[in-house]
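Novice: What follows is coords_18.csv, CSV, C-alpha atoms.
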```
chain,number,residue,atom,x,y,z
A,1,MET,CA,-29.9,32.2,-16.2
A,2,GLY,CA,-28.7,29.8,-18.9
A,3,CYS,CA,-25.1,28.7,-19.2
A,4,PHE,CA,-23.3,28.4,-22.5
A,5,GLU,CA,-20.0,27.0,-23.5
A,6,ASP,CA,-18.9,30.3,-25.0
A,7,LEU,CA,-19.2,32.2,-21.7
A,8,SER,CA,-15.9,33.2,-20.2
A,9,ASP,CA,-14.8,31.8,-16.8
A,10,GLN,CA,-15.4,35.2,-15.3
A,11,GLU,CA,-19.0,35.3,-16.6
A,12,LEU,CA,-19.6,31.9,-15.2
A,13,ILE,CA,-18.3,32.9,-11.8
A,14,THR,CA,-20.6,35.9,-11.7
A,15,ALA,CA,-23.5,33.6,-12.5
A,16,ALA,CA,-22.3,31.1,-10.0
A,17,LYS,CA,-22.0,33.8,-7.3
A,18,GLY,CA,-25.6,34.6,-8.1
A,19,GLY,CA,-26.5,31.0,-7.1
A,20,SER,CA,-26.3,29.1,-10.3
A,21,ASP,CA,-24.9,25.6,-9.6
A,22,THR,CA,-25.1,24.8,-13.3
A,23,CYS,CA,-22.7,27.6,-14.2
A,24,PHE,CA,-20.2,26.3,-11.6
A,25,GLY,CA,-20.7,22.9,-13.1
A,26,GLU,CA,-19.5,24.3,-16.4
A,27,LEU,CA,-16.3,25.5,-14.6
A,28,VAL,CA,-16.0,22.0,-13.2
A,29,ASP,CA,-16.2,20.5,-16.7
A,30,ARG,CA,-13.6,22.9,-18.0
A,31,HIS,CA,-10.9,22.6,-15.3
A,32,THR,CA,-11.3,19.1,-13.8
A,33,THR,CA,-8.7,17.5,-16.1
A,34,THR,CA,-6.1,20.2,-15.4
A,35,ALA,CA,-6.7,20.1,-11.7
A,36,TYR,CA,-6.4,16.3,-11.8
A,37,ARG,CA,-3.1,16.4,-13.6
A,38,VAL,CA,-1.7,18.8,-11.1
A,39,ALA,CA,-2.9,16.8,-8.2
A,40,ARG,CA,-1.7,13.5,-9.8
A,41,SER,CA,1.8,14.9,-10.4
A,42,ILE,CA,2.1,15.9,-6.7
A,43,THR,CA,0.5,13.0,-5.0
A,44,GLY,CA,1.6,10.4,-7.4
A,45,SER,CA,-1.6,8.6,-6.9
A,46,HIS,CA,-4.8,8.4,-9.0
A,47,GLU,CA,-7.1,7.9,-6.0
A,48,GLU,CA,-5.6,10.7,-3.9
A,49,ALA,CA,-5.6,13.0,-7.0
A,50,GLU,CA,-9.4,12.4,-7.4
A,51,ASP,CA,-10.0,13.2,-3.7
A,52,VAL,CA,-7.9,16.3,-4.0
A,53,VAL,CA,-9.8,17.5,-7.1
A,54,GLN,CA,-13.2,17.0,-5.4
A,55,GLU,CA,-12.1,18.7,-2.2
A,56,SER,CA,-10.5,21.6,-4.2
A,57,PHE,CA,-13.6,22.3,-6.2
A,58,LEU,CA,-15.7,22.1,-3.1
A,59,ARG,CA,-13.5,24.7,-1.4
A,60,ALA,CA,-13.6,26.9,-4.4
A,61,PHE,CA,-17.4,26.7,-4.5
A,62,LYS,CA,-17.8,27.5,-0.8
A,63,ASN,CA,-15.3,30.4,-1.0
A,64,LEU,CA,-16.5,31.8,-4.3
A,65,ASP,CA,-17.2,35.1,-2.7
A,66,ARG,CA,-13.6,35.4,-1.8
A,67,PHE,CA,-12.4,35.0,-5.3
A,68,ASP,CA,-11.0,38.2,-6.7
A,69,GLY,CA,-10.9,38.2,-10.5
A,70,SER,CA,-8.6,41.2,-10.6
A,71,LYS,CA,-5.8,39.2,-8.8
A,72,SER,CA,-6.0,35.9,-10.6
A,73,THR,CA,-8.0,33.9,-13.0
A,74,PHE,CA,-10.4,31.1,-11.8
A,75,LYS,CA,-8.0,28.6,-13.3
A,76,THR,CA,-4.9,29.9,-11.4
A,77,TRP,CA,-7.0,30.2,-8.2
A,78,LEU,CA,-8.3,26.7,-8.5
A,79,LEU,CA,-4.8,25.3,-9.2
A,80,THR,CA,-3.4,27.1,-6.2
A,81,ILE,CA,-6.1,25.4,-4.0
A,82,THR,CA,-5.4,22.1,-5.7
A,83,ARG,CA,-1.6,22.4,-5.2
A,84,ASN,CA,-2.0,23.3,-1.6
A,85,GLN,CA,-4.4,20.4,-1.0
A,86,SER,CA,-2.1,18.0,-2.7
A,87,ILE,CA,0.9,19.1,-0.6
A,88,ASN,CA,-1.2,18.8,2.6
A,89,ILE,CA,-2.1,15.2,1.6
A,90,VAL,CA,1.5,14.3,0.8
A,91,SER,CA,2.8,15.7,4.1
A,92,SER,CA,0.0,14.4,6.3
A,93,PHE,CA,0.9,12.0,9.0
A,94,ARG,CA,-1.9,9.6,8.1
A,95,ARG,CA,-0.6,9.3,4.6
A,96,ARG,CA,3.0,8.7,5.6
A,97,ALA,CA,1.8,6.1,8.2
A,98,LEU,CA,-0.3,4.3,5.5
A,99,LYS,CA,2.7,4.3,3.1
A,100,PHE,CA,4.9,3.0,5.9
A,101,PHE,CA,2.7,0.1,6.8
A,102,SER,CA,1.5,-0.9,3.3
A,103,ASP,CA,3.9,-0.7,0.5
A,104,HIS,CA,1.5,-1.8,-2.2
A,105,GLU,CA,1.2,0.0,-5.5
A,106,GLU,CA,-2.4,1.0,-6.3
A,107,GLY,CA,-3.8,0.0,-9.6
A,108,GLU,CA,-3.2,2.6,-12.3
A,109,PRO,CA,-6.3,3.6,-14.4
A,110,GLU,CA,-6.1,3.0,-18.1
A,111,LEU,CA,-4.3,6.1,-19.3
A,112,GLU,CA,-5.3,7.8,-22.4
A,113,PHE,CA,-3.4,10.4,-24.3
A,114,ALA,CA,-4.6,13.3,-26.3
A,115,SER,CA,-4.9,12.4,-29.9
A,116,ASN,CA,-2.9,14.3,-32.5
A,117,PRO,CA,-4.7,17.7,-32.8
A,118,LEU,CA,-3.6,18.0,-36.4
A,119,SER,CA,-5.1,14.8,-37.7
A,120,GLN,CA,-8.1,14.6,-35.4
A,121,GLU,CA,-7.7,10.8,-35.9
A,122,PRO,CA,-7.7,8.6,-32.8
A,123,LEU,CA,-4.3,7.1,-32.1
A,124,ASP,CA,-3.7,3.6,-33.3
A,125,ALA,CA,-2.7,0.8,-30.8
A,126,GLU,CA,1.0,0.9,-31.7
A,127,THR,CA,1.2,4.7,-31.1
A,128,GLN,CA,-0.7,4.3,-27.8
A,129,LEU,CA,1.7,1.6,-26.7
A,130,SER,CA,4.7,3.8,-27.6
A,131,LEU,CA,3.2,6.7,-25.8
A,132,LYS,CA,2.6,4.6,-22.7
A,133,ARG,CA,6.3,3.6,-22.7
A,134,GLN,CA,7.3,7.2,-23.1
A,135,TYR,CA,4.8,8.2,-20.3
A,136,HIS,CA,6.3,5.7,-17.9
A,137,THR,CA,9.9,6.8,-18.7
A,138,MET,CA,8.9,10.4,-18.2
A,139,ASP,CA,6.8,9.7,-15.1
A,140,LYS,CA,9.7,7.9,-13.5
A,141,ALA,CA,12.1,10.8,-14.2
A,142,LEU,CA,9.5,13.4,-13.1
A,143,LYS,CA,9.0,11.6,-9.7
A,144,LYS,CA,12.7,12.2,-9.0
A,145,LEU,CA,12.4,15.9,-9.3
A,146,PRO,CA,11.6,18.1,-6.3
A,147,GLU,CA,7.9,19.0,-6.2
A,148,ARG,CA,8.4,22.7,-7.0
A,149,GLN,CA,10.5,21.9,-10.1
A,150,ARG,CA,8.1,19.2,-11.3
A,151,THR,CA,5.0,21.4,-10.8
A,152,ALA,CA,6.5,24.4,-12.5
A,153,LEU,CA,7.7,22.3,-15.5
A,154,LEU,CA,4.3,20.5,-15.9
A,155,LEU,CA,2.3,23.7,-15.6
A,156,ARG,CA,4.4,25.1,-18.4
A,157,SER,CA,4.8,22.1,-20.7
A,158,GLN,CA,1.5,20.4,-20.2
A,159,GLU,CA,-0.9,23.1,-19.1
A,160,SER,CA,0.7,26.0,-21.2
A,161,LEU,CA,0.4,28.4,-18.3
A,162,SER,CA,2.4,31.6,-18.6
A,163,TYR,CA,5.3,32.2,-16.3
A,164,ASP,CA,3.2,34.9,-14.5
A,165,GLU,CA,0.4,32.4,-14.0
A,166,ILE,CA,2.8,29.8,-12.7
A,167,ALA,CA,4.2,32.4,-10.3
A,168,THR,CA,0.6,33.1,-9.0
A,169,VAL,CA,-0.2,29.4,-8.6
A,170,MET,CA,3.0,28.7,-6.7
A,171,ASP,CA,3.2,32.0,-4.9
A,172,ILE,CA,6.7,32.7,-6.0
A,173,SER,CA,8.4,35.3,-8.2
A,174,VAL,CA,8.6,35.0,-12.0
A,175,SER,CA,12.4,34.7,-11.8
A,176,SER,CA,12.0,31.8,-9.4
A,177,VAL,CA,9.7,30.1,-12.0
A,178,GLU,CA,12.4,30.6,-14.7
A,179,SER,CA,15.0,29.0,-12.5
A,180,LEU,CA,12.7,26.1,-11.4
A,181,ILE,CA,11.8,25.3,-15.0
A,182,PHE,CA,15.4,25.5,-16.2
A,183,ARG,CA,16.7,23.2,-13.4
A,184,ALA,CA,13.8,20.8,-13.9
A,185,ARG,CA,14.7,20.5,-17.6
A,186,LYS,CA,18.4,20.0,-17.0
A,187,LYS,CA,17.7,17.4,-14.4
A,188,ILE,CA,15.1,15.5,-16.4
A,189,ILE,CA,17.3,15.4,-19.5
A,190,GLU,CA,20.1,14.0,-17.4
A,191,LEU,CA,17.8,11.3,-15.9
A,192,VAL,CA,16.4,10.3,-19.2
A,193,GLU,CA,19.8,10.1,-20.9
A,194,ARG,CA,21.2,7.8,-18.2
B,1,MET,CA,28.0,35.7,-20.2
B,2,ARG,CA,28.6,32.3,-18.6
B,3,HIS,CA,27.6,29.1,-20.3
B,4,ILE,CA,25.0,28.2,-17.7
B,5,ASP,CA,23.4,31.7,-18.2
B,6,TYR,CA,23.1,31.1,-21.9
B,7,GLN,CA,21.4,27.7,-21.2
B,8,LYS,CA,19.0,29.4,-18.8
B,9,ARG,CA,18.1,31.8,-21.6
B,10,ILE,CA,17.7,28.9,-24.0
B,11,SER,CA,15.1,27.5,-21.7
B,12,LEU,CA,13.2,30.7,-22.0
B,13,LEU,CA,13.7,30.7,-25.7
B,14,VAL,CA,12.1,27.2,-25.9
B,15,ASP,CA,9.1,28.6,-24.1
B,16,GLY,CA,9.0,31.6,-26.4
B,17,VAL,CA,9.2,34.1,-23.6
B,18,LEU,CA,12.5,35.7,-24.5
B,19,ASP,CA,12.1,39.2,-26.0
B,20,GLY,CA,13.5,40.4,-29.3
B,21,PRO,CA,17.2,41.4,-28.7
B,22,ALA,CA,17.7,38.7,-26.0
B,23,ALA,CA,16.2,36.1,-28.3
B,24,LYS,CA,18.4,37.2,-31.2
B,25,GLU,CA,21.5,37.0,-29.0
B,26,ALA,CA,20.6,33.5,-27.8
B,27,LEU,CA,19.9,32.3,-31.3
B,28,ALA,CA,23.3,33.7,-32.4
B,29,HIS,CA,25.0,31.8,-29.6
B,30,LEU,CA,23.4,28.6,-30.7
B,31,THR,CA,25.1,28.8,-34.1
B,32,GLU,CA,28.6,29.0,-32.4
B,33,CYS,CA,28.2,26.8,-29.3
B,34,SER,CA,27.5,23.1,-30.0
B,35,ASP,CA,26.8,22.3,-26.3
B,36,CYS,CA,24.1,25.0,-26.1
B,37,ALA,CA,22.7,23.9,-29.5
B,38,ARG,CA,22.4,20.3,-28.2
B,39,ALA,CA,20.8,21.6,-25.0
B,40,TYR,CA,18.3,23.5,-27.1
B,41,GLU,CA,17.4,20.4,-29.1
B,42,GLU,CA,17.0,18.4,-26.0
B,43,MET,CA,14.8,20.9,-24.3
B,44,VAL,CA,12.6,21.1,-27.4
B,45,SER,CA,12.3,17.3,-27.5
B,46,LEU,CA,11.5,17.2,-23.8
B,47,ASN,CA,8.7,19.7,-24.3
B,48,LYS,CA,7.3,17.7,-27.1
B,49,ALA,CA,7.5,14.4,-25.1
B,50,LEU,CA,5.8,16.0,-22.1
B,51,THR,CA,3.0,17.3,-24.3
B,52,ASN,CA,2.7,13.9,-26.0
B,53,VAL,CA,2.4,12.0,-22.7
B,54,LYS,CA,-0.1,14.4,-21.2
B,55,PRO,CA,-2.7,12.0,-19.7
B,56,SER,CA,-6.3,12.9,-20.3
B,57,LEU,CA,-9.3,11.7,-18.3
B,58,SER,CA,-11.2,9.6,-20.7
B,59,ASP,CA,-14.6,9.6,-18.9
B,60,LEU,CA,-16.5,12.3,-17.2
B,61,SER,CA,-16.9,10.4,-13.9
B,62,LEU,CA,-14.6,12.7,-11.9
B,63,ALA,CA,-16.3,15.8,-13.1
B,64,ASN,CA,-19.7,14.2,-12.3
B,65,LYS,CA,-18.5,13.2,-8.8
B,66,VAL,CA,-17.4,16.8,-8.2
B,67,LYS,CA,-20.7,18.1,-9.3
B,68,ALA,CA,-22.6,15.6,-7.1
B,69,ARG,CA,-20.6,16.7,-4.1
B,70,ILE,CA,-21.2,20.3,-4.8
B,71,SER,CA,-25.0,19.9,-5.2
B,72,GLY,CA,-25.0,17.8,-2.0
B,73,SER,CA,-23.1,20.5,-0.1
B,74,SER,CA,-25.2,23.3,-1.4
B,75,SER,CA,-28.5,21.5,-0.5
B,76,SER,CA,-27.2,20.8,3.0
B,77,VAL,CA,-26.1,24.4,3.8
B,78,GLY,CA,-27.3,25.3,7.3
B,79,TYR,CA,-27.5,21.7,8.4
B,80,THR,CA,-23.9,20.9,8.6
B,81,TRP,CA,-22.3,20.2,11.9
B,82,ASN,CA,-18.8,21.3,12.7
B,83,PHE,CA,-17.2,18.3,14.3
B,84,SER,CA,-13.7,19.8,14.5
B,85,LEU,CA,-14.2,20.8,18.2
B,86,LEU,CA,-15.5,17.4,19.1
B,87,LYS,CA,-12.5,15.8,17.3
B,88,GLN,CA,-10.2,18.0,19.5
B,89,ALA,CA,-11.9,16.9,22.7
B,90,PRO,CA,-9.3,14.1,23.5
B,91,ILE,CA,-6.5,16.5,23.0
B,92,TRP,CA,-8.0,19.0,25.4
B,93,ALA,CA,-8.7,16.3,27.9
B,94,LEU,CA,-5.1,15.2,27.8
B,95,ILE,CA,-3.9,18.8,28.3
B,96,ALA,CA,-6.2,19.2,31.3
B,97,ILE,CA,-4.9,15.9,32.9
B,98,LEU,CA,-1.3,17.0,32.3
B,99,ALA,CA,-2.0,20.4,33.8
B,100,VAL,CA,-3.6,18.8,36.9
B,101,GLY,CA,-0.8,16.4,37.1
B,102,VAL,CA,1.9,19.1,37.0
B,103,GLY,CA,0.0,21.3,39.5
B,104,ASP,CA,-2.1,19.4,42.1
B,105,MET,CA,-1.0,15.8,41.6
B,106,ALA,CA,2.8,16.3,41.9
B,107,GLY,CA,4.2,13.6,44.3
B,108,LYS,CA,0.7,12.2,45.0
B,109,THR,CA,-1.1,9.2,43.8
B,110,LEU,CA,-4.4,9.7,42.1
B,111,THR,CA,-6.3,8.6,45.2
B,112,GLU,CA,-4.4,11.0,47.4
B,113,ALA,CA,-5.1,13.8,44.9
B,114,LEU,CA,-8.8,13.0,44.8
B,115,LYS,CA,-9.3,12.3,48.5
B,116,THR,CA,-8.2,15.4,50.2
B,117,TYR,CA,-7.8,14.8,54.0
B,118,ASP,CA,-5.1,15.8,56.4
B,119,THR,CA,-3.2,12.6,57.5
B,120,SER,CA,-0.7,14.4,59.8
B,121,HIS,CA,-3.5,15.1,62.3
B,122,ASN,CA,-4.4,11.4,62.6
B,123,LEU,CA,-0.8,10.4,63.0
B,124,GLU,CA,-0.3,12.8,65.9
B,125,ASN,CA,-3.2,11.1,67.7
B,126,LEU,CA,-1.7,7.7,67.0
B,127,ILE,CA,1.8,8.4,68.2
B,128,GLN,CA,1.8,11.0,70.9
B,129,ASP,CA,4.7,13.4,71.0
B,130,HIS,CA,6.4,13.6,74.5
B,131,SER,CA,9.3,15.7,73.2
B,132,GLU,CA,11.5,12.7,73.4
B,133,SER,CA,14.4,12.1,71.0
B,134,LEU,CA,14.7,8.8,69.1
B,135,THR,CA,17.5,7.7,71.4
B,136,ASP,CA,15.3,8.2,74.5
B,137,VAL,CA,12.6,6.1,72.9
B,138,LEU,CA,15.1,3.3,72.0
B,139,ILE,CA,16.5,3.3,75.6
B,140,ASP,CA,13.0,3.2,77.1
B,141,PHE,CA,12.2,0.4,74.7
B,142,GLY,CA,15.4,-1.6,75.7
B,143,GLN,CA,14.8,-1.1,79.4
B,144,SER,CA,11.2,-2.3,79.2
B,145,GLU,CA,12.3,-5.4,77.2
B,146,ASN,CA,15.1,-6.2,79.7
B,147,GLY,CA,12.8,-5.7,82.6
B,148,ARG,CA,10.4,-8.4,81.3
```
Now that the file is in, can you turn its structure into structure tokens?
Specialist:
Amino acid sequence: MGCFEDLSDQELITAAKGGSDTCFGELVDRHTTTAYRVARSITGSHEEAEDVVQESFLRAFKNLDRFDGSKSTFKTWLLTITRNQSINIVSSFRRRALKFFSDHEEGEPELEFASNPLSQEPLDAETQLSLKRQYHTMDKALKKLPERQRTALLLRSQESLSYDEIATVMDISVSSVESLIFRARKKIIELVER
Amino acid sequence: MRHIDYQKRISLLVDGVLDGPAAKEALAHLTECSDCARAYEEMVSLNKALTNVKPSLSDLSLANKVKARISGSSSSVGYTWNFSLLKQAPIWALIAILAVGVGDMAGKTLTEALKTYDTSHNLENLIQDHSESLTDVLIDFGQSENGR
């Protein structure tokens, strides 16, 4: 079976369940960046985020038969796996031990930001530099938030997930999502203003 | 409604998830409360800033790595070894040693625990019991010494 970009995630999953690795590959292309951003925001590390993304997709692939499209979308299911994997990594003894013994900062990859969707023009150097400064200010403030607040806020503001989807990913109620996002906003505004 | 409750609603307003009447009420509140109006502006700016600084992966290397791992794993299905039990072996060995220590080895050295023989029988052969008290033994010993 051929795979096309206009197929829905659900159609790709049906094909992947039938044994098409190529269709699962299309799902990988669609959701890698989002999964990476979620993992990166929790682990705070580029390398660990890459490991988490690989492991999460592998788990999703191996457990594809367990995926129930009536309960969640593939994206929310994948992000749930990604979040859990990231939390496991952060709380692992091995990781804490490594952090304790080596306090070095790993090299950040060259970050790129989405170009202005209205102009379709690539961003000029000055705008890129300004965005990088803005990114580091935001990144610093985001790191000071509790993981749940940070994840809820970023899933909403950067990934445009609905409150229902965020509730599914984080396995909490919609009213908890509302509170987490509100508290995250209040806190981050305070931190940036200081 | 308390001030903080209005601000919570404003957060929902920013995300466009507040329904008709509640949205109208929140918007009306913004016109008469400067603190909440400022909070609204700040939340809108924050949303914009977070969207602007959304990092994107410039190359496809991560997606390719994922696909390579998946094709590797699907081709090796049936030939994978589960090492988790082997990894647990040292822990089980430690538990077994502790269990033996608590049970059999209590108060004994490792040699004693491993070499099981009855030492009391040998001692009885060495020092024969004539139903004498310690005092009797000492008196006998003193007399024999004085008699030398």
Novice: Could you tell me which of A:Leu129, A:Ala141, A:Val28, A:Ala167 comes closest to chain B if we count all atoms listed in the file?
Specialist: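 Comparing A:Leu129, A:Ala141, A:Val28, A:Ala167 against chain B, the winner is A:Val28.
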Novice: With 12 Å as the cut-off and all atoms listed in the file counted, what is the closest atom pair between each nearby residue of chain B and chain A? Distances in Å to one decimal, ordered by chain and number, as a tab-separated table.
Specialist:
```
residue	atom	partner	partner_atom	distance
B:Ile4	CA	A:Phe182	CA	10.1
B:Asp5	CA	A:Phe182	CA	10.3
B:Tyr6	CA	A:Phe182	CA	11.1
B:Gln7	CA	A:Phe182	CA	8.1
B:Lys8	CA	A:Phe182	CA	5.9
B:Arg9	CA	A:Phe182	CA	8.7
B:Ile10	CA	A:Phe182	CA	8.8
B:Ser11	CA	A:Phe182	CA	5.9
B:Leu12	CA	A:Glu178	CA	7.3
B:Leu13	CA	A:Phe182	CA	11.0
B:Val14	CA	A:Ser157	CA	10.3
B:Asp15	CA	A:Arg156	CA	8.2
B:Gly16	CA	A:Ser162	CA	10.2
B:Val17	CA	A:Tyr163	CA	8.5
B:Leu18	CA	A:Glu178	CA	11.0
B:Cys36	CA	A:Lys186	CA	11.8
B:Arg38	CA	A:Ile189	CA	11.2
B:Ala39	CA	A:Lys186	CA	8.5
B:Tyr40	CA	A:Arg185	CA	10.6
B:Glu41	CA	A:Ile189	CA	10.8
B:Glu42	CA	A:Ile189	CA	7.2
B:Met43	CA	A:Arg185	CA	6.7
B:Val44	CA	A:Arg185	CA	10.0
B:Ser45	CA	A:Ile189	CA	9.6
B:Leu46	CA	A:Ile189	CA	7.4
B:Asn47	CA	A:Ser157	CA	5.8
B:Lys48	CA	A:Ser157	CA	8.2
B:Ala49	CA	A:Gln134	CA	7.5
B:Leu50	CA	A:Ser157	CA	6.3
B:Thr51	CA	A:Gln158	CA	5.4
B:Asn52	CA	A:Leu131	CA	7.2
B:Val53	CA	A:Tyr135	CA	5.1
B:Lys54	CA	A:Phe113	CA	6.0
B:Pro55	CA	A:Phe113	CA	4.9
B:Ser56	CA	A:Phe113	CA	5.5
B:Leu57	CA	A:Thr33	CA	6.2
B:Ser58	CA	A:Glu112	CA	6.4
B:Asp59	CA	A:Glu112	CA	10.1
B:Leu60	CA	A:Asp29	CA	8.2
B:Ser61	CA	A:Glu50	CA	10.1
B:Leu62	CA	A:Glu50	CA	6.9
B:Ala63	CA	A:Asp29	CA	5.9
B:Asn64	CA	A:Asp29	CA	8.4
B:Lys65	CA	A:Gln54	CA	7.4
B:Val66	CA	A:Gln54	CA	5.1
B:Lys67	CA	A:Gly25	CA	6.1
B:Ala68	CA	A:Gly25	CA	9.6
B:Arg69	CA	A:Leu58	CA	7.4
B:Ile70	CA	A:Leu58	CA	6.0
B:Ser71	CA	A:Asp21	CA	7.2
B:Gly72	CA	A:Leu58	CA	10.3
B:Ser73	CA	A:Leu58	CA	8.1
B:Ser74	CA	A:Asp21	CA	8.5
B:Ser75	CA	A:Asp21	CA	10.6
B:Val77	CA	A:Lys62	CA	10.0
```
Novice: What's the separation between atom CA of Ile42 of chain A and atom CA of Ile87 of chain A, in Å to one decimal place?
Specialist: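 Atom-to-atom, atom CA of Ile42 of chain A and atom CA of Ile87 of chain A are spaced 7.0 Å apart.
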Novice: With all atoms listed in the file as the basis for distance, which of A:Thr80, A:Ser173, A:Ser70, A:Ser86 is at the shortest distance from Gly44 of chain A?
Specialist: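 Nearest to Gly44 of chain A: A:Ser86.
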Novice: What's the separation between atom CA of Leu155 of chain A and atom CA of Ala125 of chain A, in Å to one decimal place?
Specialist: 27.9 Å
Novice: For atom CA of Cys23 of chain A and atom CA of Leu79 of chain A, quote the distance in Å rounded to one decimal.
Specialist: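 Distance reported for this atom pair: 18.7 Å.
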Novice: Go through A:Thr76, A:Asn88, A:Asn63, A:Ser175 one by one, measure the shortest atom-to-atom distance of each to Asp9 of chain A using all atoms listed in the file, and give the residue with the smallest value.
Specialist: A:Thr76
